[in-house]
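*Asks:* File run.csv below, CSV, C-alpha atoms:
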chain,number,residue,atom,x,y,z
A,22,MET,CA,116.8,116.9,102.2
A,23,GLN,CA,114.9,120.2,102.4
A,24,ILE,CA,111.2,120.6,102.1
A,25,HIS,CA,111.5,124.3,101.8
A,26,ALA,CA,113.3,123.6,98.5
A,27,LEU,CA,109.8,122.9,97.1
A,28,THR,CA,108.4,126.3,98.0
A,29,SER,CA,109.6,129.9,98.1
A,30,LEU,CA,108.3,133.3,99.3
A,31,ARG,CA,106.6,133.9,96.0
A,32,LEU,CA,104.7,130.6,96.3
A,33,ILE,CA,103.2,131.6,99.7
A,34,LYS,CA,100.1,133.7,100.0
A,35,PRO,CA,99.1,134.4,103.6
A,36,LYS,CA,95.9,136.3,102.7
A,37,MET,CA,94.0,134.6,99.9
A,38,VAL,CA,90.9,136.1,98.4
A,39,ALA,CA,89.2,132.8,97.4
A,40,LEU,CA,85.6,132.4,98.4
A,41,CYS,CA,85.4,128.7,97.6
A,42,LYS,CA,87.6,125.7,97.2
A,43,GLU,CA,87.9,125.9,93.4
A,44,GLU,CA,88.9,129.5,93.6
A,45,ALA,CA,91.5,128.6,96.3
A,46,ILE,CA,93.1,126.0,94.1
A,47,ARG,CA,93.1,128.4,91.1
A,48,GLU,CA,94.6,131.1,93.2
A,49,LEU,CA,97.5,128.9,94.3
A,50,ALA,CA,98.0,127.3,90.9
A,51,LEU,CA,98.4,130.8,89.5
A,52,LEU,CA,101.3,131.4,91.8
A,53,LEU,CA,103.0,128.2,90.5
A,54,ASP,CA,102.3,129.3,86.9
A,55,LYS,CA,103.7,132.8,87.5
A,56,ALA,CA,106.9,131.3,89.0
A,57,GLY,CA,107.3,129.2,85.8
A,58,LYS,CA,106.7,125.8,87.4
A,59,LEU,CA,104.0,124.8,85.0
A,60,LYS,CA,103.9,124.0,81.3
A,61,SER,CA,100.2,124.6,81.2
A,62,LEU,CA,98.0,126.1,83.9
A,63,ALA,CA,94.8,124.8,82.4
A,64,ALA,CA,96.1,121.2,82.0
A,65,PHE,CA,97.4,121.2,85.6
A,66,LEU,CA,94.2,122.5,87.0
A,67,LYS,CA,92.3,119.8,85.1
A,68,ASP,CA,94.4,117.2,86.8
A,69,VAL,CA,94.1,118.7,90.2
A,70,PHE,CA,90.3,119.0,89.9
A,71,ARG,CA,90.0,115.4,88.7
A,72,ARG,CA,92.0,114.2,91.7
A,73,GLU,CA,89.8,116.4,94.0
A,74,LYS,CA,86.7,114.9,92.5
A,75,GLU,CA,87.8,111.3,93.2
A,76,TYR,CA,88.2,112.2,96.8
A,77,PRO,CA,88.5,115.6,98.6
A,78,THR,CA,91.9,116.2,99.9
A,79,GLY,CA,91.2,117.6,103.3
A,80,ILE,CA,93.4,116.0,106.0
A,81,GLY,CA,91.6,117.3,109.0
A,82,ARG,CA,92.7,120.1,111.4
A,83,GLY,CA,91.7,122.8,108.9
A,84,ILE,CA,94.2,121.7,106.3
A,85,ALA,CA,93.9,120.5,102.7
A,86,ILE,CA,96.5,119.2,100.3
A,87,PRO,CA,95.2,119.3,96.8
A,88,HIS,CA,97.7,117.7,94.5
A,89,ALA,CA,98.4,116.2,91.1
A,90,ARG,CA,101.1,114.3,89.4
A,91,SER,CA,100.8,115.8,86.0
A,92,ALA,CA,102.5,116.1,82.7
A,93,ALA,CA,101.8,119.8,82.9
A,94,VAL,CA,104.3,120.3,85.8
A,95,LYS,CA,107.9,121.1,85.1
A,96,GLU,CA,109.3,120.5,88.6
A,97,SER,CA,108.0,119.5,92.0
A,98,CYS,CA,106.8,122.4,93.9
A,99,LEU,CA,104.4,123.4,96.7
A,100,ALA,CA,102.3,126.5,97.0
A,101,VAL,CA,100.9,127.4,100.4
A,102,GLY,CA,98.0,129.7,101.2
A,103,LYS,CA,95.8,130.8,104.0
A,104,CYS,CA,92.2,131.5,103.3
A,105,ARG,CA,88.9,132.2,105.1
A,106,ARG,CA,87.3,128.9,106.2
A,107,LEU,CA,86.2,127.1,103.1
A,108,ASP,CA,83.9,124.1,102.7
A,109,TRP,CA,86.3,121.5,101.4
A,110,SER,CA,84.2,118.4,101.2
A,111,GLY,CA,81.1,119.9,99.7
A,112,THR,CA,79.0,118.8,102.6
A,113,GLY,CA,80.2,121.3,105.2
A,114,ASP,CA,81.8,118.8,107.4
A,115,GLU,CA,85.3,119.8,106.6
A,116,LEU,CA,86.3,123.5,106.8
A,117,VAL,CA,89.8,124.4,105.5
A,118,GLU,CA,91.8,127.5,106.2
A,119,LEU,CA,95.3,126.3,105.1
A,120,VAL,CA,95.8,125.0,101.6
A,121,MET,CA,98.9,123.4,100.3
A,122,LEU,CA,98.9,122.8,96.6
A,123,LEU,CA,101.4,120.1,95.6
A,124,ALA,CA,102.5,119.7,92.0
A,125,VAL,CA,104.6,116.8,90.9
A,126,PRO,CA,105.8,116.0,87.4
A,127,LYS,CA,104.8,112.7,85.7
A,128,THR,CA,108.3,111.3,86.2
A,129,VAL,CA,109.2,111.8,89.9
A,130,GLU,CA,112.8,111.6,90.9
A,131,LYS,CA,113.8,109.7,93.9
A,132,GLU,CA,114.8,112.7,95.8
A,133,HIS,CA,111.4,114.2,95.4
A,134,LEU,CA,109.8,111.1,96.8
A,135,LEU,CA,111.9,111.6,99.9
A,136,ILE,CA,110.6,115.2,100.1
A,137,LEU,CA,107.0,114.0,99.9
A,138,LYS,CA,107.7,111.6,102.8
A,139,GLU,CA,109.3,114.4,104.9
A,140,LEU,CA,106.4,116.7,104.1
A,141,ALA,CA,104.0,114.1,105.3
A,142,GLU,CA,106.0,113.5,108.5
A,143,LEU,CA,106.0,117.3,109.2
A,144,LEU,CA,102.2,117.5,108.6
A,145,VAL,CA,101.4,114.8,111.2
A,146,GLU,CA,103.3,116.8,113.8
A,147,GLU,CA,100.6,118.8,115.5
A,148,LYS,CA,103.1,121.3,116.9
A,149,PHE,CA,104.1,122.1,113.3
A,150,THR,CA,100.6,122.5,111.9
A,151,GLU,CA,99.5,124.6,114.9
A,152,ARG,CA,102.3,127.0,114.2
A,153,LEU,CA,101.5,127.0,110.5
A,154,LEU,CA,97.9,127.8,111.2
A,155,LYS,CA,98.9,130.7,113.4
A,156,ALA,CA,101.6,132.1,111.1
A,157,CYS,CA,100.4,135.3,109.4
A,158,THR,CA,103.3,136.4,107.1
A,159,ARG,CA,105.0,134.9,104.1
A,160,GLU,CA,108.3,135.0,105.9
A,161,GLU,CA,106.9,133.2,109.0
A,162,ILE,CA,105.4,130.4,106.9
A,163,TYR,CA,108.5,130.0,104.9
A,164,ARG,CA,110.7,129.9,108.0
A,165,LEU,CA,108.5,127.1,109.5
A,166,PHE,CA,109.1,125.0,106.4
A,167,LYS,CA,112.8,125.8,106.5
A,168,GLU,CA,113.2,125.0,110.1
A,169,GLY,CA,111.0,121.9,110.2
A,170,TYR,CA,109.9,121.1,113.7
A,171,PRO,CA,109.4,124.2,115.7
A,172,ASP,CA,111.3,122.8,118.7
A,173,GLY,CA,114.3,122.4,116.5
A,174,GLY,CA,114.2,118.6,116.5
A,175,GLU,CA,115.3,116.6,113.6
A,176,VAL,CA,113.0,115.4,110.9
A,177,ARG,CA,112.9,111.6,111.2
B,26,MET,CA,104.7,93.8,119.1
B,27,MET,CA,105.5,94.3,115.4
B,28,ILE,CA,103.1,95.9,112.9
B,29,VAL,CA,103.6,96.1,109.2
B,30,ALA,CA,101.4,98.4,107.2
B,31,VAL,CA,100.8,99.2,103.5
B,32,THR,CA,99.3,102.6,102.6
B,33,GLY,CA,98.1,103.2,99.1
B,34,CYS,CA,96.3,105.9,97.0
B,35,MET,CA,95.8,106.5,93.3
B,36,MET,CA,98.6,109.0,92.9
B,37,GLY,CA,100.9,107.9,95.6
B,38,ILE,CA,102.2,111.3,96.3
B,39,ALA,CA,100.2,112.7,99.1
B,40,HIS,CA,97.6,110.6,101.0
B,41,SER,CA,99.6,107.4,101.1
B,42,HIS,CA,102.6,109.3,102.5
B,43,MET,CA,100.4,111.1,105.0
B,44,ALA,CA,98.8,107.9,106.1
B,45,ALA,CA,102.2,106.2,106.5
B,46,ALA,CA,103.5,109.1,108.6
B,47,ALA,CA,100.4,109.2,110.8
B,48,LEU,CA,100.4,105.4,111.4
B,49,LYS,CA,104.1,105.5,112.2
B,50,LYS,CA,103.8,108.3,114.6
B,51,ILE,CA,100.8,106.8,116.5
B,52,ALA,CA,102.3,103.3,116.7
B,53,GLU,CA,105.7,104.4,117.8
B,54,GLY,CA,104.1,106.7,120.3
B,55,ARG,CA,102.4,103.7,121.9
B,56,GLY,CA,105.7,101.7,121.9
B,57,PHE,CA,105.0,99.4,119.0
B,58,GLN,CA,107.5,98.6,116.3
B,59,ILE,CA,106.2,99.5,112.8
B,60,ALA,CA,107.3,99.3,109.2
B,61,VAL,CA,105.3,101.0,106.5
B,62,GLU,CA,105.3,100.6,102.8
B,63,VAL,CA,103.8,103.1,100.4
B,64,GLN,CA,102.0,102.2,97.2
B,65,GLY,CA,100.5,104.4,94.5
B,66,GLY,CA,100.8,105.7,90.9
B,67,ILE,CA,104.6,105.8,91.4
B,68,GLY,CA,104.9,102.2,92.4
B,69,ILE,CA,106.1,100.7,95.7
B,70,SER,CA,108.2,102.8,98.0
B,71,TYR,CA,110.0,101.7,101.2
B,72,GLU,CA,109.1,98.0,100.4
B,73,LEU,CA,108.6,95.9,103.5
B,74,LYS,CA,111.4,93.5,104.3
B,75,PRO,CA,110.4,89.8,104.3
B,76,GLU,CA,111.9,89.5,107.8
B,77,ASP,CA,109.6,92.3,109.1
B,78,ILE,CA,106.6,90.6,107.6
B,79,GLU,CA,107.7,87.3,109.1
B,80,LYS,CA,107.9,89.0,112.5
B,81,ALA,CA,104.7,90.9,112.2
B,82,ASP,CA,101.9,90.3,114.7
B,83,LEU,CA,99.5,92.5,112.8
B,84,VAL,CA,99.1,93.8,109.2
B,85,ILE,CA,97.3,97.1,108.5
B,86,ILE,CA,96.3,98.0,105.0
B,87,ALA,CA,95.2,101.6,104.6
B,88,SER,CA,94.4,102.0,100.9
B,89,ASP,CA,91.9,103.1,98.3
B,90,ILE,CA,93.5,101.0,95.6
B,91,LYS,CA,94.0,97.2,95.4
B,92,ILE,CA,97.5,96.8,96.8
B,93,LYS,CA,100.1,94.8,95.1
B,94,LYS,CA,101.6,91.6,96.6
B,95,GLU,CA,98.9,91.2,99.2
B,96,ASP,CA,99.7,87.4,99.3
B,97,ARG,CA,102.8,88.3,101.4
B,98,PHE,CA,100.5,88.6,104.4
B,99,ALA,CA,98.8,85.1,104.1
B,100,GLY,CA,98.2,83.6,107.5
B,101,LYS,CA,98.4,87.0,109.3
B,102,PRO,CA,95.6,89.1,110.7
B,103,VAL,CA,95.0,91.9,108.2
B,104,CYS,CA,93.1,95.0,109.2
B,105,LYS,CA,91.8,96.9,106.1
B,106,VAL,CA,90.8,100.6,106.2
B,107,LYS,CA,90.5,103.5,103.8
B,108,VAL,CA,93.6,105.7,103.4
B,109,ALA,CA,91.7,108.8,104.6
B,110,GLU,CA,90.8,107.0,107.9
B,111,ALA,CA,94.5,106.5,108.6
B,112,VAL,CA,95.3,110.1,107.8
B,113,LYS,CA,92.6,111.6,109.9
B,114,GLN,CA,92.2,109.0,112.7
B,115,PRO,CA,95.3,106.9,112.9
B,116,GLY,CA,94.6,106.1,116.6
B,117,ARG,CA,91.2,104.6,115.7
B,118,VAL,CA,92.8,102.6,112.9
B,119,LEU,CA,95.4,101.2,115.3
B,120,ASP,CA,92.7,100.4,117.9
B,121,LYS,CA,90.7,98.6,115.2
B,122,GLY,CA,93.8,96.6,114.2
B,123,LEU,CA,94.5,95.6,117.8
B,124,GLU,CA,90.9,94.6,118.3
B,125,LEU,CA,91.1,92.4,115.2
B,126,LEU,CA,94.4,90.9,116.5
B,127,ASN,CA,92.8,90.0,119.8
B,128,LYS,CA,89.8,88.4,118.1
B,129,TRP,CA,92.2,86.5,115.7
B,130,ARG,CA,94.2,85.2,118.6
B,131,LYS,CA,91.1,84.0,120.5
B,132,ASP,CA,89.8,82.2,117.4
B,133,LYS,CA,93.0,80.5,116.7
Starting from the coordinates I provided, produce the structure as structure tokens.
*Replies:*
Amino acid sequence: MQIHALTSLRLIKPKMVALCKEEAIRELALLLDKAGKLKSLAAFLKDVFRREKEYPTGIGRGIAIPHARSAAVKESCLAVGKCRRLDWSGTGDELVELVMLLAVPKTVEKEHLLILKELAELLVEEKFTERLLKACTREEIYRLFKEGYPDGGEVR
Amino acid sequence: MMIVAVTGCMMGIAHSHMAAAALKKIAEGRGFQIAVEVQGGIGISYELKPEDIEKADLVIIASDIKIKKEDRFAGKPVCKVKVAEAVKQPGRVLDKGLELLNKWRKDK
């Protein structure tokens, strides 16, 4: 199973222009839309913002994973962007500089569930997230997802 | 020492998986056996095996939703936390669980 199958060079933006969380989500959603992954950008954004309102999606260490399982999504995909430090919680106690926008269609196939599990397992590896936070180019970020653990180990 | 855990969130595509991975990593890192089930909008994934539940010394439920089939854990010490807590501070969640287990054993 390959996590990098969810993303691609055109879904990665190492220098985002967003000045706030909402802009960051929009900026990445636009990449998904341009790549033909969405049926409706507006409907998808609505679902993501609804989810975000229920509970902010920061996971600590400067990383957030806004996401939605939405009828507006054609196929599971992941957009990755790096931005200036943004207030993710609305209270200033969580600053985010790496955003991964995850889009999943309403009906999730079993293989995609496995990818979600593997993505989660990668993100709890500090070695991986440290490298991700340091990476500056599209290619570097993509390669990290493709290779998984930076030390070449197997994804459990 | 065997731990079974259930993680749950509304969608079941991100936080529940993150919490599961985080708990697994921390527990295995400390030499415990752990099995984790994920619940959410998609249903139940990686459902716990009855024999694992039977063997379990401790149950951790990290969820923002009411989990399904909680009655499976009757008679076991159950530590309940929010899913975000398990994502951000899995070590603290595990400590909390162990504390609960100690107390539970003393009371018994």
*Asks:* List every residue of chain A that has an atom at most 12 Å from any atom of chain B, and for each one report the closest atom pair and its distance in Å to one decimal, counting only C-alpha atoms, with rows sorted by chain and then by increasing residue number, as a tab-separated table.
*Replies:*
residue	atom	partner	partner_atom	distance
A:Asp68	CA	B:Met36	CA	11.0
A:Val69	CA	B:Met36	CA	11.0
A:Arg71	CA	B:Met36	CA	11.5
A:Arg72	CA	B:Met36	CA	8.5
A:Glu73	CA	B:Met36	CA	11.6
A:Glu75	CA	B:Met35	CA	9.3
A:Tyr76	CA	B:Ala109	CA	9.2
A:Pro77	CA	B:Ala109	CA	9.6
A:Thr78	CA	B:His40	CA	8.1
A:Gly79	CA	B:Ala109	CA	8.9
A:Ile80	CA	B:Lys113	CA	5.9
A:Gly81	CA	B:Lys113	CA	5.9
A:Arg82	CA	B:Lys113	CA	8.6
A:Gly83	CA	B:Lys113	CA	11.3
A:Ile84	CA	B:Lys113	CA	10.8
A:Ala85	CA	B:Ala39	CA	10.7
A:Ile86	CA	B:Ala39	CA	7.6
A:Pro87	CA	B:Ala39	CA	8.6
A:His88	CA	B:Ala39	CA	7.2
A:Ala89	CA	B:Met36	CA	7.4
A:Arg90	CA	B:Met36	CA	6.8
A:Ser91	CA	B:Met36	CA	9.9
A:Ser97	CA	B:Ile38	CA	10.9
A:Leu99	CA	B:Ala39	CA	11.7
A:Glu115	CA	B:Lys113	CA	11.5
A:Met121	CA	B:Ala39	CA	10.8
A:Leu122	CA	B:Ala39	CA	10.5
A:Leu123	CA	B:Ala39	CA	8.3
A:Ala124	CA	B:Ile38	CA	9.4
A:Val125	CA	B:Ile38	CA	8.1
A:Pro126	CA	B:Ile38	CA	10.7
A:Lys127	CA	B:Ile67	CA	9.0
A:Thr128	CA	B:Ile67	CA	8.4
A:Val129	CA	B:Ile67	CA	7.7
A:Glu130	CA	B:Ile67	CA	10.1
A:Lys131	CA	B:Ser70	CA	9.8
A:His133	CA	B:Ile38	CA	9.7
A:Leu134	CA	B:Ile38	CA	7.6
A:Leu135	CA	B:Ser70	CA	9.7
A:Ile136	CA	B:Ile38	CA	10.0
A:Leu137	CA	B:Ile38	CA	6.6
A:Lys138	CA	B:His42	CA	5.6
A:Glu139	CA	B:Ala46	CA	8.7
A:Leu140	CA	B:Met43	CA	8.3
A:Ala141	CA	B:Met43	CA	4.7
A:Glu142	CA	B:Ala46	CA	5.1
A:Leu143	CA	B:Ala46	CA	8.6
A:Leu144	CA	B:Met43	CA	7.6
A:Val145	CA	B:Ala47	CA	5.7
A:Glu146	CA	B:Lys50	CA	8.6
A:Glu147	CA	B:Ala47	CA	10.7
A:Val176	CA	B:Ala46	CA	11.6
A:Arg177	CA	B:Ala46	CA	10.1
*Asks:* In Å, with one decimal, what is the gap from atom CA of Gly65 of chain B to atom CA of Lys105 of chain B?
*Replies:* 16.3 Å
*Asks:* Find, counting all atoms listed in the file, the residue in A:Leu59, A:Ala92, A:Ile46, A:Ala100 that gets nearest to Ala26 of chain A.
*Replies:*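 When distances to Ala26 of chain A are compared using all atoms listed in the file, the smallest one comes from A:Ala100.
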*Asks:* How far is it from atom CA of Gly116 of chain B to atom CA of Arg55 of chain B, in Å with one decimal?
*Replies:*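 So the two atoms, atom CA of Gly116 of chain B and atom CA of Arg55 of chain B, lie 9.7 Å apart.
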*Asks:* Name the residues in contact with Ala30 of chain B at a cut-off of 12 Å, using all atoms listed in the file, excluding same-chain residues fewer than 3 positions from it; report them as a PyMOL selection string.
*Replies:* chain B and resi 27+33+41-42+44-49+52+58-64+71-74+77-78+81-88+92+95+97-98+101-106+108+111+115+118-119+122
*Asks:* Axis-aligned box over every listed atom of segment 37-40 of chain B, padded by 8 Å per side: centre and edges in Å to one decimal, as lines of an AutoDock Vina configuration file?
*Replies:*
center_x = 99.9
center_y = 110.3
center_z = 98.3
size_x = 20.6
size_y = 20.8
size_z = 21.4
*Asks:* With distances taken over all atoms listed in the file, which residue among A:Ala93, A:Cys157, A:Lys36, A:Arg31 lies nearest Leu66 of chain A?
*Replies:*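 Distance minimum relative to Leu66 of chain A lands on A:Ala93.
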*Asks:* Interatomic distance between atom CA of Asp54 of chain A and atom CA of Pro35 of chain A?
*Replies:*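 Answer for the atom CA of Asp54 of chain A to atom CA of Pro35 of chain A separation: 17.8 Å.
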*Asks:* What residues have an atom no more than 12 Å from (104.4, 129.0, 105.8) in the file's own frame, counting all atoms listed in the file, and can you write them as an mmCIF file with C-alpha atoms, keeping the file's coordinate frame?
*Replies:*
data_model
loop_
_atom_site.group_PDB
_atom_site.id
_atom_site.type_symbol
_atom_site.label_atom_id
_atom_site.label_comp_id
_atom_site.auth_asym_id
_atom_site.auth_seq_id
_atom_site.Cartn_x
_atom_site.Cartn_y
_atom_site.Cartn_z
ATOM 1 C CA ILE A 24 111.200 120.600 102.100
ATOM 2 C CA HIS A 25 111.500 124.300 101.800
ATOM 3 C CA LEU A 27 109.800 122.900 97.100
ATOM 4 C CA THR A 28 108.400 126.300 98.000
ATOM 5 C CA SER A 29 109.600 129.900 98.100
ATOM 6 C CA LEU A 30 108.300 133.300 99.300
ATOM 7 C CA ARG A 31 106.600 133.900 96.000
ATOM 8 C CA LEU A 32 104.700 130.600 96.300
ATOM 9 C CA ILE A 33 103.200 131.600 99.700
ATOM 10 C CA LYS A 34 100.100 133.700 100.000
ATOM 11 C CA PRO A 35 99.100 134.400 103.600
ATOM 12 C CA LYS A 36 95.900 136.300 102.700
ATOM 13 C CA LEU A 99 104.400 123.400 96.700
ATOM 14 C CA ALA A 100 102.300 126.500 97.000
ATOM 15 C CA VAL A 101 100.900 127.400 100.400
ATOM 16 C CA GLY A 102 98.000 129.700 101.200
ATOM 17 C CA LYS A 103 95.800 130.800 104.000
ATOM 18 C CA LEU A 119 95.300 126.300 105.100
ATOM 19 C CA VAL A 120 95.800 125.000 101.600
ATOM 20 C CA MET A 121 98.900 123.400 100.300
ATOM 21 C CA PHE A 149 104.100 122.100 113.300
ATOM 22 C CA THR A 150 100.600 122.500 111.900
ATOM 23 C CA GLU A 151 99.500 124.600 114.900
ATOM 24 C CA ARG A 152 102.300 127.000 114.200
ATOM 25 C CA LEU A 153 101.500 127.000 110.500
ATOM 26 C CA LEU A 154 97.900 127.800 111.200
ATOM 27 C CA LYS A 155 98.900 130.700 113.400
ATOM 28 C CA ALA A 156 101.600 132.100 111.100
ATOM 29 C CA CYS A 157 100.400 135.300 109.400
ATOM 30 C CA THR A 158 103.300 136.400 107.100
ATOM 31 C CA ARG A 159 105.000 134.900 104.100
ATOM 32 C CA GLU A 160 108.300 135.000 105.900
ATOM 33 C CA GLU A 161 106.900 133.200 109.000
ATOM 34 C CA ILE A 162 105.400 130.400 106.900
ATOM 35 C CA TYR A 163 108.500 130.000 104.900
ATOM 36 C CA ARG A 164 110.700 129.900 108.000
ATOM 37 C CA LEU A 165 108.500 127.100 109.500
ATOM 38 C CA PHE A 166 109.100 125.000 106.400
ATOM 39 C CA LYS A 167 112.800 125.800 106.500
ATOM 40 C CA GLU A 168 113.200 125.000 110.100
ATOM 41 C CA GLY A 169 111.000 121.900 110.200
#
*Asks:* Could you check which of A:Leu62, A:Gln23, A:Lys95, A:Cys104 is closest to Glu44 of chain A, using only C-alpha atoms?
*Replies:*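 Checking each of A:Leu62, A:Gln23, A:Lys95, A:Cys104 against Glu44 of chain A, counting only C-alpha atoms, the winner is A:Cys104.
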*Asks:* Add whatever atoms are absent from segment 31-39 of chain B to reach all heavy atoms, and provide the output as a CSV table (one decimal), in the coordinates of the input.
*Replies:*
chain,number,residue,atom,x,y,z
B,31,VAL,N,100.7,98.8,104.9
B,31,VAL,CA,100.8,99.2,103.5
B,31,VAL,C,99.8,100.4,103.4
B,31,VAL,O,98.6,100.2,103.7
B,31,VAL,CB,100.5,98.1,102.5
B,31,VAL,CG1,100.6,98.7,101.1
B,31,VAL,CG2,101.5,97.0,102.7
B,32,THR,N,100.2,101.5,102.9
B,32,THR,CA,99.3,102.6,102.6
B,32,THR,C,99.3,102.8,101.1
B,32,THR,O,100.3,102.6,100.4
B,32,THR,CB,99.6,103.9,103.3
B,32,THR,OG1,100.9,104.4,102.7
B,32,THR,CG2,99.8,103.7,104.8
B,33,GLY,N,98.1,103.1,100.5
B,33,GLY,CA,98.1,103.2,99.1
B,33,GLY,C,97.0,104.2,98.6
B,33,GLY,O,95.9,104.4,99.2
B,34,CYS,N,97.3,105.0,97.6
B,34,CYS,CA,96.3,105.9,97.0
B,34,CYS,C,96.6,106.0,95.5
B,34,CYS,O,97.7,105.5,95.1
B,34,CYS,CB,96.3,107.2,97.6
B,34,CYS,SG,97.7,108.2,97.5
B,35,MET,N,95.7,106.5,94.8
B,35,MET,CA,95.8,106.5,93.3
B,35,MET,C,97.1,107.1,92.8
B,35,MET,O,97.8,106.6,92.0
B,35,MET,CB,94.7,107.4,92.7
B,35,MET,CG,93.3,106.7,92.7
B,35,MET,SD,93.4,105.2,91.7
B,35,MET,CE,93.3,105.9,90.1
B,36,MET,N,97.4,108.3,93.3
B,36,MET,CA,98.6,109.0,92.9
B,36,MET,C,99.9,108.5,93.6
B,36,MET,O,100.9,108.4,93.0
B,36,MET,CB,98.5,110.5,93.1
B,36,MET,CG,97.3,111.1,92.4
B,36,MET,SD,97.9,112.3,91.2
B,36,MET,CE,96.3,112.8,90.5
B,37,GLY,N,99.7,108.3,94.8
B,37,GLY,CA,100.9,107.9,95.6
B,37,GLY,C,101.9,109.0,95.9
B,37,GLY,O,103.0,108.8,96.2
B,38,ILE,N,101.3,110.2,95.9
B,38,ILE,CA,102.2,111.3,96.3
B,38,ILE,C,101.8,112.1,97.5
B,38,ILE,O,102.6,112.9,98.1
B,38,ILE,CB,102.4,112.4,95.1
B,38,ILE,CG1,101.1,113.0,94.8
B,38,ILE,CG2,103.0,111.7,93.9
B,38,ILE,CD1,101.2,114.2,93.8
B,39,ALA,N,100.6,111.9,98.0
B,39,ALA,CA,100.2,112.7,99.1
B,39,ALA,C,99.5,111.9,100.2
B,39,ALA,O,100.1,111.7,101.3
B,39,ALA,CB,99.2,113.8,98.7
